[in-house]
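K.L.:
Sharing input.cif, mmCIF, C-alpha atoms:
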data_data
loop_
_atom_site.label_atom_id
_atom_site.label_comp_id
_atom_site.auth_asym_id
_atom_site.auth_seq_id
_atom_site.Cartn_x
_atom_site.Cartn_y
_atom_site.Cartn_z
CA HIS U 243 5.95 21.09 -5.42
CA PRO U 244 8.96 23.32 -4.80
CA PRO U 245 12.22 21.58 -3.83
CA GLY U 246 12.40 21.16 -0.06
CA SER U 247 8.63 21.54 0.36
CA LEU U 248 7.11 19.57 3.22
CA VAL U 249 3.57 19.64 1.84
CA VAL U 250 2.16 17.53 -1.01
CA HIS U 251 -1.14 18.75 -2.44
CA PRO U 252 -3.40 16.14 -4.13
CA SER U 253 -2.61 17.47 -7.60
CA GLN U 254 1.13 17.08 -6.92
CA ARG U 255 1.16 13.43 -5.87
CA LYS U 256 3.54 11.17 -7.75
CA VAL U 257 1.68 8.19 -9.20
CA LEU U 258 3.25 4.74 -9.21
CA SER U 259 1.51 1.82 -10.90
CA PRO U 260 3.40 -1.37 -10.12
CA ARG U 261 0.81 -3.71 -11.68
CA ARG U 262 -2.30 -3.58 -13.82
CA GLY U 263 -5.26 -2.32 -11.78
CA ILE U 264 -3.10 -0.95 -8.96
CA SER U 265 -2.10 2.68 -8.39
CA TYR U 266 0.02 4.05 -5.57
CA TYR U 267 0.03 7.77 -4.81
CA LEU U 268 3.07 9.02 -2.93
CA LEU U 269 1.86 11.17 -0.02
CA THR U 270 5.35 12.26 1.01
CA PRO U 271 7.31 14.73 -1.13
CA ASP U 272 9.91 12.08 -2.01
CA LEU U 273 11.50 8.84 -0.81
CA ASN U 274 14.41 10.48 1.01
CA GLY U 275 12.99 10.21 4.53
CA ARG U 276 12.72 7.22 6.83
CA VAL U 277 9.03 6.58 6.04
CA GLU U 278 7.20 6.09 2.75
CA PHE U 279 3.55 7.19 3.04
CA ILE U 280 1.23 6.11 0.21
CA LEU U 281 -2.40 5.89 -0.78
CA SER U 282 -3.11 2.71 -2.74
CA GLU U 283 -6.04 1.95 -5.01
CA TYR U 284 -6.75 -1.58 -6.20
CA GLN U 285 -9.42 -2.18 -8.82
CA VAL U 286 -11.83 -5.08 -8.24
CA GLY U 287 -9.86 -8.34 -8.33
CA ALA U 288 -6.46 -6.61 -8.56
CA THR U 289 -3.59 -8.32 -6.78
CA THR U 290 0.10 -7.77 -6.20
CA GLY U 291 0.66 -11.03 -8.07
CA ASP U 292 0.48 -14.78 -7.84
CA VAL U 293 3.80 -14.93 -6.02
CA HIS U 294 4.32 -13.52 -2.54
CA TYR U 295 7.02 -10.85 -2.39
CA THR U 296 9.34 -9.43 0.26
CA HIS U 297 11.26 -6.24 0.94
CA PRO U 298 13.10 -4.95 3.98
CA GLY U 299 11.21 -3.12 6.72
CA GLU U 300 7.83 -2.82 8.31
CA GLU U 301 4.43 -1.80 6.94
CA CYS U 302 1.39 -0.34 8.64
CA GLY U 303 -1.87 -0.08 6.71
CA LEU U 304 -5.36 1.31 7.15
CA VAL U 305 -8.24 0.25 4.88
CA LEU U 306 -10.31 3.28 3.88
CA GLN U 307 -12.71 1.54 1.50
CA GLY U 308 -13.33 -1.99 0.27
CA ARG U 309 -12.10 -5.41 1.36
CA LEU U 310 -8.47 -6.47 1.46
CA GLU U 311 -7.14 -9.99 1.63
CA LEU U 312 -3.57 -9.85 2.92
CA GLN U 313 -1.51 -13.01 3.04
CA VAL U 314 1.55 -12.76 5.29
CA GLY U 315 3.54 -15.95 5.46
CA ASP U 316 1.10 -18.79 6.16
CA GLU U 317 -1.58 -16.48 7.58
CA THR U 318 -4.45 -14.83 5.68
CA TYR U 319 -6.16 -11.68 6.97
CA VAL U 320 -9.35 -10.09 5.63
CA LEU U 321 -9.65 -6.39 6.41
CA LYS U 322 -12.54 -4.01 5.76
CA ALA U 323 -12.90 -0.24 6.02
CA GLY U 324 -11.57 0.97 9.36
CA ASP U 325 -9.33 -2.06 9.96
CA SER U 326 -5.56 -1.62 10.27
CA ILE U 327 -2.56 -3.92 10.34
CA ARG U 328 1.19 -3.92 10.92
CA PHE U 329 3.57 -6.58 9.63
CA ASP U 330 7.20 -7.39 8.88
CA CYS U 331 7.79 -6.91 5.13
CA SER U 332 10.61 -9.45 5.10
CA VAL U 333 7.90 -12.12 5.51
CA PRO U 334 6.52 -13.06 2.08
CA HIS U 335 3.21 -11.28 1.50
CA ARG U 336 0.53 -10.67 -1.12
CA LEU U 337 -2.42 -8.23 -1.32
CA THR U 338 -5.70 -8.76 -3.20
CA ASN U 339 -8.89 -6.71 -3.53
CA ILE U 340 -11.59 -9.27 -2.73
CA GLY U 341 -14.43 -6.75 -2.60
CA ASN U 342 -16.83 -5.51 -5.26
CA THR U 343 -15.57 -1.92 -5.20
CA VAL U 344 -12.23 -0.13 -5.44
CA LEU U 345 -9.99 -0.92 -2.46
CA ARG U 346 -8.39 2.21 -0.99
CA CYS U 347 -5.71 1.97 1.72
CA ILE U 348 -3.14 4.20 3.39
CA TRP U 349 0.29 2.63 4.00
CA ALA U 350 3.33 3.71 5.96
CA VAL U 351 6.46 1.77 5.01
CA SER U 352 9.80 2.07 6.77
CA PRO U 353 12.29 2.22 5.23
CA PRO U 354 10.90 3.40 1.86
CA SER U 355 10.84 0.50 -0.62
CA PHE U 356 9.97 2.09 -3.99
#
Would you write the structure of this file as structure tokens?
P.N.:
Amino acid sequence: HPPGSLVVHPSQRKVLSPRRGISYYLLTPDLNGRVEFILSEYQVGATTGDVHYTHPGEECGLVLQGRLELQVGDETYVLKAGDSIRFDCSVPHRLTNIGNTVLRCIWAVSPPSF
């Protein structure tokens, strides 16, 4: 997309793949704003790792398809399509696709963490 453009068309999305079986698609033109907006896809069984991780900020997520197990601190949440969540990213957390189909979610992260 042209420099300074506010719109990101599907064919212009930047793809980030932090782990095997996981792809993040940047829905904002860049990471220069106050919010990072991403579409995530987790293949069946894919996880952010065996160890919980942290980063500064807050995350809001909406499950579009599949089943997400999200561990935040000592709590475990199971979300399905249509469910949403908000949590403090400084609390150790871990995401896993526990369904039998691709997990697709939309996330807003502030401040951007990639």
K.L.:
Counting all atoms listed in the file, I want the residues whose atoms come within 6 Å of (-8.2, -1.1, -4.6) in the file frame, returned as a list in words.
P.N.:
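Checking each residue against the 6 Å limit leaves Glu283, Tyr284, Gln285, Asn339, Val344, Leu345 and Arg346 of chain U.
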K.L.:
Specify as a PyMOL selection string each residue included when the PyMOL selection byres ((chain U and resi 304) around 8) is applied to this file.
P.N.:
chain U and resi 302-303+305-306+323-327+347-349
K.L.:
In Å, with one decimal, what is the gap from atom CA of U:Val351 to atom CA of U:Pro334?
P.N.:
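Taking atom CA of U:Val351 and atom CA of U:Pro334, their separation equals 15.1 Å.
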K.L.:
Leaving out stretch 286-301 of chain U and any residue of its chain fewer than 5 positions from it, which residues lie within 9 Å of it when counting only C-alpha atoms, given as a ChimeraX atom specification?
P.N.:
/U:260-264,313-315,327-345,349-355
K.L.:
Please evaluate the PyMOL selection byres ((chain U and resi 269) around 9) against the structure above and give the resulting residues as a VMD selection string.
P.N.:
chain U and resid 249 to 252 255 to 256 267 to 268 270 to 272 278 to 281
K.L.:
Residues as selected, C-alpha atoms, written as a PDB file, in the frame of the given file, can you do that?
P.N.:
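Resulting contents of result.pdb:
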ATOM      1  CA  VAL U 249       3.570  19.640   1.840  1.00  0.00           C
ATOM      2  CA  VAL U 250       2.160  17.530  -1.010  1.00  0.00           C
ATOM      3  CA  HIS U 251      -1.140  18.750  -2.440  1.00  0.00           C
ATOM      4  CA  PRO U 252      -3.400  16.140  -4.130  1.00  0.00           C
ATOM      5  CA  ARG U 255       1.160  13.430  -5.870  1.00  0.00           C
ATOM      6  CA  LYS U 256       3.540  11.170  -7.750  1.00  0.00           C
ATOM      7  CA  TYR U 267       0.030   7.770  -4.810  1.00  0.00           C
ATOM      8  CA  LEU U 268       3.070   9.020  -2.930  1.00  0.00           C
ATOM      9  CA  THR U 270       5.350  12.260   1.010  1.00  0.00           C
ATOM     10  CA  PRO U 271       7.310  14.730  -1.130  1.00  0.00           C
ATOM     11  CA  ASP U 272       9.910  12.080  -2.010  1.00  0.00           C
ATOM     12  CA  GLU U 278       7.200   6.090   2.750  1.00  0.00           C
ATOM     13  CA  PHE U 279       3.550   7.190   3.040  1.00  0.00           C
ATOM     14  CA  ILE U 280       1.230   6.110   0.210  1.00  0.00           C
ATOM     15  CA  LEU U 281      -2.400   5.890  -0.780  1.00  0.00           C
TER      16      LEU U 281
END
K.L.:
For atom CA of U:Gly275 and atom CA of U:Gln254, quote the distance in Å rounded to one decimal.
P.N.:
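If I compute the distance from atom CA of U:Gly275 to atom CA of U:Gln254, I get 17.9 Å.
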K.L.:
Please measure the separation of atom CA of U:Leu310 and atom CA of U:Val277, giving the value in Å to one decimal.
P.N.:
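Atom-to-atom, atom CA of U:Leu310 to atom CA of U:Val277, that is 22.3 Å.
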